[in-house]
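Coordinates from upload01.pdb are shown below (PDB, N, CA and C atoms).
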```
ATOM      1  N   MET V  47      20.189 108.735  69.392
ATOM      2  CA  MET V  47      19.637 109.992  69.822
ATOM      3  C   MET V  47      20.715 110.874  70.443
ATOM      4  N   ILE V  48      21.586 110.290  71.258
ATOM      5  CA  ILE V  48      22.695 111.062  71.827
ATOM      6  C   ILE V  48      23.632 111.484  70.714
ATOM      7  N   ASP V  49      23.925 110.559  69.780
ATOM      8  CA  ASP V  49      24.765 110.909  68.623
ATOM      9  C   ASP V  49      24.148 112.051  67.827
ATOM     10  N   GLY V  50      22.830 112.021  67.672
ATOM     11  CA  GLY V  50      22.144 113.089  66.931
ATOM     12  C   GLY V  50      22.309 114.440  67.600
ATOM     13  N   GLN V  51      22.193 114.469  68.919
ATOM     14  CA  GLN V  51      22.362 115.732  69.621
ATOM     15  C   GLN V  51      23.804 116.208  69.535
ATOM     16  N   LEU V  52      24.757 115.290  69.730
ATOM     17  CA  LEU V  52      26.168 115.681  69.636
ATOM     18  C   LEU V  52      26.512 116.191  68.232
ATOM     19  N   ALA V  53      25.966 115.563  67.206
ATOM     20  CA  ALA V  53      26.198 116.013  65.822
ATOM     21  C   ALA V  53      25.626 117.412  65.612
ATOM     22  N   ALA V  54      24.456 117.672  66.175
ATOM     23  CA  ALA V  54      23.859 119.009  66.060
ATOM     24  C   ALA V  54      24.725 120.045  66.773
ATOM     25  N   PHE V  55      25.237 119.709  67.953
ATOM     26  CA  PHE V  55      26.142 120.624  68.653
ATOM     27  C   PHE V  55      27.380 120.906  67.806
ATOM     28  N   ARG V  56      27.972 119.845  67.225
ATOM     29  CA  ARG V  56      29.174 120.027  66.384
ATOM     30  C   ARG V  56      28.897 120.956  65.210
ATOM     31  N   ALA V  57      27.693 120.887  64.678
ATOM     32  CA  ALA V  57      27.307 121.724  63.538
ATOM     33  C   ALA V  57      26.906 123.129  63.971
ATOM     34  N   GLY V  58      26.885 123.369  65.286
ATOM     35  CA  GLY V  58      26.471 124.678  65.790
ATOM     36  C   GLY V  58      24.966 124.887  65.716
ATOM     37  N   ASP V  59      24.211 123.809  65.533
ATOM     38  CA  ASP V  59      22.758 123.891  65.398
ATOM     39  C   ASP V  59      22.105 123.557  66.742
ATOM     40  N   PHE V  60      22.086 124.552  67.621
ATOM     41  CA  PHE V  60      21.550 124.337  68.956
ATOM     42  C   PHE V  60      20.037 124.173  68.943
ATOM     43  N   ALA V  61      19.366 124.725  67.945
ATOM     44  CA  ALA V  61      17.917 124.517  67.831
ATOM     45  C   ALA V  61      17.624 123.047  67.548
ATOM     46  N   GLN V  62      18.406 122.417  66.684
ATOM     47  CA  GLN V  62      18.233 120.985  66.406
ATOM     48  C   GLN V  62      18.605 120.164  67.637
ATOM     49  N   ALA V  63      19.707 120.510  68.297
ATOM     50  CA  ALA V  63      20.130 119.793  69.506
ATOM     51  C   ALA V  63      19.044 119.855  70.578
ATOM     52  N   TYR V  64      18.359 120.970  70.653
ATOM     53  CA  TYR V  64      17.294 121.198  71.627
ATOM     54  C   TYR V  64      16.146 120.205  71.447
ATOM     55  N   THR V  65      15.910 119.740  70.224
ATOM     56  CA  THR V  65      14.808 118.814  69.957
ATOM     57  C   THR V  65      15.042 117.449  70.606
ATOM     58  N   PHE V  66      16.285 117.144  70.981
ATOM     59  CA  PHE V  66      16.600 115.881  71.640
ATOM     60  C   PHE V  66      16.418 115.962  73.157
ATOM     61  N   ALA V  67      16.156 117.147  73.677
ATOM     62  CA  ALA V  67      15.973 117.339  75.117
ATOM     63  C   ALA V  67      14.558 116.953  75.530
ATOM     64  N   ALA V  68      14.444 116.393  76.714
ATOM     65  CA  ALA V  68      13.143 116.008  77.262
ATOM     66  C   ALA V  68      12.274 117.243  77.483
ATOM     67  N   ALA V  69      10.962 117.032  77.495
ATOM     68  CA  ALA V  69      10.004 118.124  77.693
ATOM     69  C   ALA V  69      10.306 118.900  78.973
ATOM     70  N   GLU V  70      10.711 118.208  80.011
ATOM     71  CA  GLU V  70      11.036 118.862  81.287
ATOM     72  C   GLU V  70      12.177 119.865  81.110
ATOM     73  N   ILE V  71      13.195 119.498  80.357
ATOM     74  CA  ILE V  71      14.330 120.393  80.095
ATOM     75  C   ILE V  71      13.876 121.570  79.241
ATOM     76  N   ARG V  72      13.111 121.290  78.189
ATOM     77  CA  ARG V  72      12.622 122.363  77.316
ATOM     78  C   ARG V  72      11.719 123.330  78.084
ATOM     79  N   GLY V  73      11.011 122.806  79.103
ATOM     80  CA  GLY V  73      10.162 123.661  79.926
ATOM     81  C   GLY V  73      10.963 124.576  80.853
ATOM     82  N   MET V  74      12.149 124.138  81.238
ATOM     83  CA  MET V  74      12.987 124.931  82.149
ATOM     84  C   MET V  74      13.869 125.929  81.403
ATOM     85  N   PHE V  75      14.278 125.582  80.176
ATOM     86  CA  PHE V  75      15.239 126.391  79.434
ATOM     87  C   PHE V  75      14.730 126.693  78.029
ATOM     88  N   PRO V  76      14.446 127.945  77.702
ATOM     89  CA  PRO V  76      14.198 128.284  76.296
ATOM     90  C   PRO V  76      15.464 127.979  75.495
ATOM     91  N   VAL V  77      15.358 127.842  74.187
ATOM     92  CA  VAL V  77      16.484 127.396  73.367
ATOM     93  C   VAL V  77      17.735 128.266  73.543
ATOM     94  N   GLY V  78      17.583 129.577  73.659
ATOM     95  CA  GLY V  78      18.741 130.461  73.840
ATOM     96  C   GLY V  78      19.456 130.220  75.156
ATOM     97  N   VAL V  79      18.703 130.002  76.208
ATOM     98  CA  VAL V  79      19.279 129.713  77.521
ATOM     99  C   VAL V  79      19.921 128.317  77.506
ATOM    100  N   PHE V  80      19.285 127.375  76.816
ATOM    101  CA  PHE V  80      19.834 126.026  76.658
ATOM    102  C   PHE V  80      21.201 126.099  75.984
ATOM    103  N   GLU V  81      21.301 126.880  74.917
ATOM    104  CA  GLU V  81      22.580 127.038  74.208
ATOM    105  C   GLU V  81      23.653 127.596  75.130
ATOM    106  N   THR V  82      23.331 128.640  75.865
ATOM    107  CA  THR V  82      24.284 129.257  76.791
ATOM    108  C   THR V  82      24.700 128.266  77.876
ATOM    109  N   MET V  83      23.734 127.520  78.410
ATOM    110  CA  MET V  83      24.010 126.541  79.458
ATOM    111  C   MET V  83      24.955 125.456  78.958
ATOM    112  N   VAL V  84      24.721 124.946  77.759
ATOM    113  CA  VAL V  84      25.579 123.889  77.212
ATOM    114  C   VAL V  84      26.981 124.433  76.940
ATOM    115  N   LYS V  85      27.068 125.596  76.317
ATOM    116  CA  LYS V  85      28.384 126.171  75.997
ATOM    117  C   LYS V  85      29.201 126.476  77.248
ATOM    118  N   SER V  86      28.550 126.966  78.305
ATOM    119  CA  SER V  86      29.302 127.346  79.504
ATOM    120  C   SER V  86      29.490 126.179  80.474
ATOM    121  N   GLY V  87      28.496 125.327  80.615
ATOM    122  CA  GLY V  87      28.572 124.248  81.588
ATOM    123  C   GLY V  87      29.116 122.933  81.050
ATOM    124  N   TYR V  88      29.018 122.754  79.735
ATOM    125  CA  TYR V  88      29.436 121.495  79.106
ATOM    126  C   TYR V  88      30.207 121.787  77.811
ATOM    127  N   PRO V  89      31.319 122.519  77.891
ATOM    128  CA  PRO V  89      32.021 122.924  76.669
ATOM    129  C   PRO V  89      32.511 121.751  75.821
ATOM    130  N   LEU V  90      32.907 120.658  76.451
ATOM    131  CA  LEU V  90      33.370 119.507  75.674
ATOM    132  C   LEU V  90      32.210 118.885  74.892
ATOM    133  N   ILE V  91      31.038 118.838  75.493
ATOM    134  CA  ILE V  91      29.856 118.333  74.789
ATOM    135  C   ILE V  91      29.501 119.267  73.635
ATOM    136  N   ALA V  92      29.583 120.562  73.863
ATOM    137  CA  ALA V  92      29.242 121.538  72.826
ATOM    138  C   ALA V  92      30.175 121.454  71.616
ATOM    139  N   HIS V  93      31.384 120.952  71.825
ATOM    140  CA  HIS V  93      32.390 120.927  70.744
ATOM    141  C   HIS V  93      33.098 119.578  70.660
ATOM    142  N   SER V  94      32.377 118.492  70.831
ATOM    143  CA  SER V  94      32.997 117.165  70.835
ATOM    144  C   SER V  94      33.442 116.729  69.442
ATOM    145  N   ALA V  95      34.363 115.773  69.423
ATOM    146  CA  ALA V  95      34.793 115.164  68.163
ATOM    147  C   ALA V  95      34.135 113.795  67.989
ATOM    148  N   LYS V  96      33.944 113.087  69.110
ATOM    149  CA  LYS V  96      33.319 111.762  69.052
ATOM    150  C   LYS V  96      32.842 111.374  70.441
ATOM    151  N   ALA V  97      32.120 110.266  70.484
ATOM    152  CA  ALA V  97      31.623 109.740  71.757
ATOM    153  C   ALA V  97      31.811 108.238  71.775
ATOM    154  N   GLN V  98      32.121 107.733  72.960
ATOM    155  CA  GLN V  98      32.270 106.294  73.164
ATOM    156  C   GLN V  98      31.257 105.891  74.228
ATOM    157  N   TYR V  99      30.496 104.842  73.933
ATOM    158  CA  TYR V  99      29.401 104.441  74.804
ATOM    159  C   TYR V  99      29.798 103.284  75.698
ATOM    160  N   GLY V 100      29.348 103.366  76.945
ATOM    161  CA  GLY V 100      29.625 102.329  77.927
ATOM    162  C   GLY V 100      28.341 101.670  78.370
ATOM    163  N   LEU V 101      28.256 101.402  79.660
ATOM    164  CA  LEU V 101      27.114 100.695  80.227
ATOM    165  C   LEU V 101      25.817 101.473  80.078
ATOM    166  N   ALA V 102      24.745 100.725  79.872
ATOM    167  CA  ALA V 102      23.411 101.311  79.806
ATOM    168  C   ALA V 102      22.489 100.533  80.739
ATOM    169  N   PHE V 103      21.662 101.240  81.457
ATOM    170  CA  PHE V 103      20.650 100.647  82.319
ATOM    171  C   PHE V 103      19.308 101.195  81.864
ATOM    172  N   ASP V 104      18.355 100.306  81.609
ATOM    173  CA  ASP V 104      17.082 100.694  81.006
ATOM    174  C   ASP V 104      15.939 100.039  81.760
ATOM    175  N   THR V 105      15.002 100.856  82.255
ATOM    176  CA  THR V 105      13.826 100.320  82.936
ATOM    177  C   THR V 105      12.632 100.206  81.992
ATOM    178  N   GLY V 106      12.787 100.689  80.768
ATOM    179  CA  GLY V 106      11.673 100.722  79.825
ATOM    180  C   GLY V 106      11.057 102.108  79.734
ATOM    181  N   ALA V 107      11.119 102.857  80.822
ATOM    182  CA  ALA V 107      10.598 104.227  80.844
ATOM    183  C   ALA V 107      11.711 105.244  81.020
ATOM    184  N   GLU V 108      12.790 104.816  81.669
ATOM    185  CA  GLU V 108      13.955 105.676  81.894
ATOM    186  C   GLU V 108      15.210 104.850  81.659
ATOM    187  N   ALA V 109      16.290 105.546  81.344
ATOM    188  CA  ALA V 109      17.556 104.857  81.115
ATOM    189  C   ALA V 109      18.704 105.771  81.519
ATOM    190  N   VAL V 110      19.834 105.138  81.816
ATOM    191  CA  VAL V 110      21.075 105.847  82.096
ATOM    192  C   VAL V 110      22.136 105.216  81.209
ATOM    193  N   ILE V 111      22.867 106.038  80.474
ATOM    194  CA  ILE V 111      23.928 105.553  79.594
ATOM    195  C   ILE V 111      25.207 106.309  79.923
ATOM    196  N   THR V 112      26.287 105.569  80.116
ATOM    197  CA  THR V 112      27.592 106.173  80.343
ATOM    198  C   THR V 112      28.208 106.486  78.980
ATOM    199  N   VAL V 113      28.636 107.743  78.820
ATOM    200  CA  VAL V 113      29.194 108.199  77.545
ATOM    201  C   VAL V 113      30.495 108.941  77.816
ATOM    202  N   ARG V 114      31.559 108.524  77.143
ATOM    203  CA  ARG V 114      32.824 109.260  77.198
ATOM    204  C   ARG V 114      32.836 110.185  75.980
ATOM    205  N   VAL V 115      32.822 111.481  76.238
ATOM    206  CA  VAL V 115      32.831 112.480  75.174
ATOM    207  C   VAL V 115      34.275 112.912  74.959
ATOM    208  N   VAL V 116      34.714 112.874  73.712
ATOM    209  CA  VAL V 116      36.110 113.136  73.362
ATOM    210  C   VAL V 116      36.185 114.380  72.484
ATOM    211  N   GLY V 117      37.098 115.281  72.833
ATOM    212  CA  GLY V 117      37.302 116.496  72.053
ATOM    213  C   GLY V 117      38.310 116.288  70.938
ATOM    214  N   ALA V 118      38.467 117.292  70.096
ATOM    215  CA  ALA V 118      39.404 117.223  68.971
ATOM    216  C   ALA V 118      40.838 117.008  69.440
ATOM    217  N   ASP V 119      41.171 117.495  70.635
ATOM    218  CA  ASP V 119      42.528 117.333  71.180
ATOM    219  C   ASP V 119      42.680 116.040  71.980
ATOM    220  N   GLU V 120      41.688 115.145  71.879
ATOM    221  CA  GLU V 120      41.650 113.849  72.574
ATOM    222  C   GLU V 120      41.391 113.967  74.075
ATOM    223  N   THR V 121      41.106 115.168  74.572
ATOM    224  CA  THR V 121      40.653 115.322  75.949
ATOM    225  C   THR V 121      39.287 114.648  76.057
ATOM    226  N   SER V 122      39.051 113.951  77.162
ATOM    227  CA  SER V 122      37.758 113.293  77.300
ATOM    228  C   SER V 122      37.214 113.448  78.714
ATOM    229  N   VAL V 123      35.898 113.383  78.788
ATOM    230  CA  VAL V 123      35.190 113.436  80.064
ATOM    231  C   VAL V 123      34.077 112.395  79.981
ATOM    232  N   GLU V 124      33.869 111.697  81.095
ATOM    233  CA  GLU V 124      32.809 110.702  81.143
ATOM    234  C   GLU V 124      31.558 111.317  81.763
ATOM    235  N   TYR V 125      30.429 111.074  81.123
ATOM    236  CA  TYR V 125      29.145 111.596  81.582
ATOM    237  C   TYR V 125      28.149 110.457  81.707
ATOM    238  N   GLN V 126      27.153 110.669  82.540
ATOM    239  CA  GLN V 126      25.992 109.804  82.554
ATOM    240  C   GLN V 126      24.849 110.595  81.945
ATOM    241  N   TYR V 127      24.316 110.063  80.867
ATOM    242  CA  TYR V 127      23.154 110.659  80.208
ATOM    243  C   TYR V 127      21.909 110.007  80.781
ATOM    244  N   MET V 128      21.009 110.819  81.283
ATOM    245  CA  MET V 128      19.729 110.358  81.800
ATOM    246  C   MET V 128      18.718 110.512  80.661
ATOM    247  N   LEU V 129      17.991 109.448  80.384
ATOM    248  CA  LEU V 129      17.023 109.456  79.292
ATOM    249  C   LEU V 129      15.636 109.150  79.821
ATOM    250  N   LYS V 130      14.645 109.670  79.125
ATOM    251  CA  LYS V 130      13.257 109.454  79.505
ATOM    252  C   LYS V 130      12.479 109.123  78.232
ATOM    253  N   LYS V 131      11.639 108.117  78.304
ATOM    254  CA  LYS V 131      10.819 107.754  77.154
ATOM    255  C   LYS V 131       9.571 108.616  77.152
ATOM    256  N   GLU V 132       9.407 109.390  76.079
ATOM    257  CA  GLU V 132       8.232 110.238  75.908
ATOM    258  C   GLU V 132       7.417 109.679  74.744
ATOM    259  N   THR V 133       6.267 110.242  74.487
ATOM    260  CA  THR V 133       5.431 109.727  73.398
ATOM    261  C   THR V 133       6.136 109.794  72.048
ATOM    262  N   SER V 134       7.047 110.754  71.882
ATOM    263  CA  SER V 134       7.777 110.897  70.618
ATOM    264  C   SER V 134       9.063 110.070  70.588
ATOM    265  N   GLY V 135       9.357 109.343  71.661
ATOM    266  CA  GLY V 135      10.562 108.516  71.719
ATOM    267  C   GLY V 135      11.457 108.930  72.876
ATOM    268  N   TRP V 136      12.679 108.396  72.898
ATOM    269  CA  TRP V 136      13.630 108.682  73.969
ATOM    270  C   TRP V 136      14.155 110.106  73.860
ATOM    271  N   LYS V 137      14.237 110.793  74.995
ATOM    272  CA  LYS V 137      14.744 112.164  75.070
ATOM    273  C   LYS V 137      15.751 112.257  76.216
ATOM    274  N   ILE V 138      16.651 113.213  76.122
ATOM    275  CA  ILE V 138      17.685 113.428  77.143
ATOM    276  C   ILE V 138      17.098 114.294  78.253
ATOM    277  N   SER V 139      17.101 113.751  79.477
ATOM    278  CA  SER V 139      16.511 114.484  80.595
ATOM    279  C   SER V 139      17.556 115.041  81.557
ATOM    280  N   GLY V 140      18.826 114.720  81.338
ATOM    281  CA  GLY V 140      19.884 115.255  82.182
ATOM    282  C   GLY V 140      21.228 114.667  81.799
ATOM    283  N   VAL V 141      22.275 115.404  82.119
ATOM    284  CA  VAL V 141      23.650 114.965  81.858
ATOM    285  C   VAL V 141      24.477 115.327  83.078
ATOM    286  N   PHE V 142      25.200 114.337  83.602
ATOM    287  CA  PHE V 142      25.998 114.546  84.800
ATOM    288  C   PHE V 142      27.404 114.016  84.587
ATOM    289  N   GLU V 143      28.386 114.809  84.937
ATOM    290  CA  GLU V 143      29.772 114.372  84.823
ATOM    291  C   GLU V 143      30.054 113.300  85.870
ATOM    292  N   VAL V 144      30.769 112.268  85.452
ATOM    293  CA  VAL V 144      31.163 111.199  86.364
ATOM    294  C   VAL V 144      32.509 111.591  86.950
ATOM    295  N   LYS V 145      32.550 111.794  88.234
ATOM    296  CA  LYS V 145      33.775 112.169  88.918
ATOM    297  C   LYS V 145      34.474 110.910  89.390
ATOM    298  N   SER V 146      35.702 110.735  88.953
ATOM    299  CA  SER V 146      36.490 109.578  89.351
ATOM    300  C   SER V 146      37.400 109.991  90.497
ATOM    301  N   GLU V 147      37.176 109.402  91.651
ATOM    302  CA  GLU V 147      37.973 109.726  92.836
ATOM    303  C   GLU V 147      39.212 108.851  92.947
ATOM    304  N   GLY V 148      39.297 107.829  92.115
ATOM    305  CA  GLY V 148      40.434 106.916  92.204
ATOM    306  C   GLY V 148      40.171 105.837  93.233
ATOM    307  N   LEU V 149      40.922 104.797  93.162
ATOM    308  CA  LEU V 149      40.768 103.672  94.079
ATOM    309  C   LEU V 149      41.800 103.724  95.180
ATOM    310  N   LYS V 150      41.389 103.355  96.357
ATOM    311  CA  LYS V 150      42.314 103.261  97.481
ATOM    312  C   LYS V 150      42.256 101.848  98.001
ATOM    313  N   VAL V 151      43.414 101.292  98.271
ATOM    314  CA  VAL V 151      43.476  99.918  98.758
ATOM    315  C   VAL V 151      43.892  99.912 100.208
TER     316      VAL V 151
END
```
If you convert what's in this file into structure tokens, what do you get?
Amino acid sequence: MIDGQLAAFRAGDFAQAYTFAAAEIRGMFPVGVFETMVKSGYPLIAHSAKAQYGLAFDTGAEAVITVRVVGADETSVEYQYMLKKETSGWKISGVFEVKSEGLKV
């Protein structure tokens, strides 16, 4: 499902990408506002080359998946995708950048 949304973004098909968003997100953002929000707030997601998946935590109704999104220039950012199970299947309910502060000993 995340791959499907990223593929739609790569194709410039924000209407298709919007179908992967949870009802709560669709209720807050009409498709045009969703497109603007993704392009301005998540430019790497809007134009990714690939994604690498990490840890996933699943309660059966909600899940969190760590995803490293990689751009064409190999720049990458790690995100946590929040998912929610709806009657039509899993949907994306939020995306948050993982900020790495580094380790101190």
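Note that atom C of V:Ser139 and atom C of V:Tyr127 are 6.7 Å apart.
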V:Thr82, V:Thr121, V:Thr133, V:Gln51 ranked by distance to V:Ala67, top pick (using all atoms listed in the file): V:Gln51
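The residue that comes closest to V:Ile111, out of V:Leu129, V:Ala97, V:Gly87, V:Ala54 and on the basis of all atoms listed in the file, is V:Leu129.
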Distance criterion (only N, CA and C atoms): nearest to V:Val123 out of V:Glu143, V:Ala69, V:Val84, V:Gly78: V:Glu143
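For the set V:His93, V:Met74, V:Glu81, V:Met128, the residue with the smallest atom-to-atom gap to V:Val110 is V:Met128, counting all atoms listed in the file.
Of the listed residues (V:Ala92, V:Ala102, V:Val141, V:Val79), V:Ala92 comes nearest to V:Arg56; the distances count only C-alpha atoms.
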10 Å contact set for V:Trp136, only C-alpha atoms, chain neighbours under 2 positions out, as a ChimeraX atom specification: /V:47-48,66-68,107-109,129-134,138-139
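Between atom C of V:Pro76 and atom C of V:Tyr88 the interatomic distance comes to 16.2 Å.
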Stretch 122-130 of chain V, all listed atoms, 5 Å padding on each side: what axis-aligned box centre and edge lengths in Å to one decimal come out, as JSON?
```
{"center_x": 25.8, "center_y": 111.5, "center_z": 79.9, "size_x": 36.6, "size_y": 14.8, "size_z": 15.4}
```
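Take atom CA of V:Gly140 and atom CA of V:Asp104: the distance between them is 14.9 Å.
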Given only C-alpha atoms as the counted atoms, nearest of V:Phe55, V:Val116, V:Ser146, V:Ala63 to V:Lys96: V:Val116
DSSP strand (DSSP E) selection over chain V, as a VMD selection string: chain V and resid 94 to 104 108 to 117 122 to 132 135 to 143
All alpha helix (DSSP H) positions in chain V, as a PyMOL selection string: chain V and resi 48-56+60-64+69-74+77-87+89-92
